[in-house]
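J.: What follows is a structure written as structure tokens; I'll ask about it next.
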Amino acid sequence: MTTTFITGANKSLGYETARRLIEAGHTVLIGARDPRRGRAAADALGARFVQIDVTDDASVATAVADVEAYEGIIDVLVNNAGVLGTHQPAEQITAADAREVFEVNVVGIVRVTHAFLPLLRKSVHPVIVNVSSGMGSFAATHDSTRVEGRFVAPLYTASKAAVTMLTTQYAKSLPDVKVNAADPGYTATDFNGHNGPQTVTEGTDAIVELATIGTDGPTGTFRDRHGEMPW
């Protein structure tokens, strides 16, 4: 049985990823900051809720202790929790705005990955999936024919570029763990007022694919539902 922990799993991409992985036979742990929403999501899916705030060291440590006590191991970690941040124009963005976005989207991944690595390393096939974005791709955001090239979101794009680089560096540094980044694509979620052209199921295709790779699967890659993403 594969045990999978997903952060930010009470709604949208995280919830749909959990649903699909449960359908695929995984034991899924729903990580969420809000206990009411997290428990409701877990109950609806037949999963177990574990409270976690990726911006808080103590909360993450408590979540790890909870999983260690109940499951004793995780095979797959999906770092899905993320925020969009301010919609203010660039000249109005403050250091506090940047700190808020990077604390969740980047520092949160480092915090959670560091804390869960001992449990991951108990697995015979440990896997980490970092949910990045095509908005963090240098190539995509410089291509005016792509949707990523037509939007400006300095903090979100910078944070997701950092997520992708973290992924490649973790993949090199942790040869015993498969570490990959997924781009959900422009998906209808709370992030964009449900305006994206993709369904939430389509948006989780790459996440689910990378969460279910075999021992011969890739590491250090950046993929969307169609294949390799440009850096």
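Letters A, B, ... mark the chains of the structure tokens in the order given; residue numbers begin at 1 per chain; ligand numbers begin at 1, in order shown.
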Write out as a list in words each polymer residue whose atoms come within 8 Å of Thr204 in chain A, counting only C-alpha atoms; drop sequence neighbours fewer than 2 positions from it.
T.: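 The neighbour list is Leu13, Glu16, Thr17, Pro184, Val200, Thr201, Glu202, Ala206, Ile207, Val208 and Arg225 of chain A.
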J.: Let's see if you can do this: from backbone DSSP, list all alpha helix (DSSP H) residues in range 4-218 of chain A, as a count of residues only.
T.: 93
J.: If you measure from CA of Phe222 in chain A to CA of Thr141 in chain A, what distance in Å do you get, rounded to one decimal?
T.: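 So the two atoms, CA of Phe222 in chain A and CA of Thr141 in chain A, lie 15.1 Å apart.
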J.: From the set A:Gly134, A:Gly25, A:Pro35, A:Gly46, which residue has the shortest atom-to-atom contact distance to Trp231 in chain A, counting only C-alpha atoms?
T.: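 Under the stated criterion, the closest residue is A:Gly134.
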J.: When distances are computed from only C-alpha atoms, which of A:Gly14, A:Pro118, A:Gly203, A:Pro126 shows the smallest separation from Ala65 in chain A?
T.: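 Ranked by minimum distance to Ala65 in chain A, first place goes to A:Pro118.
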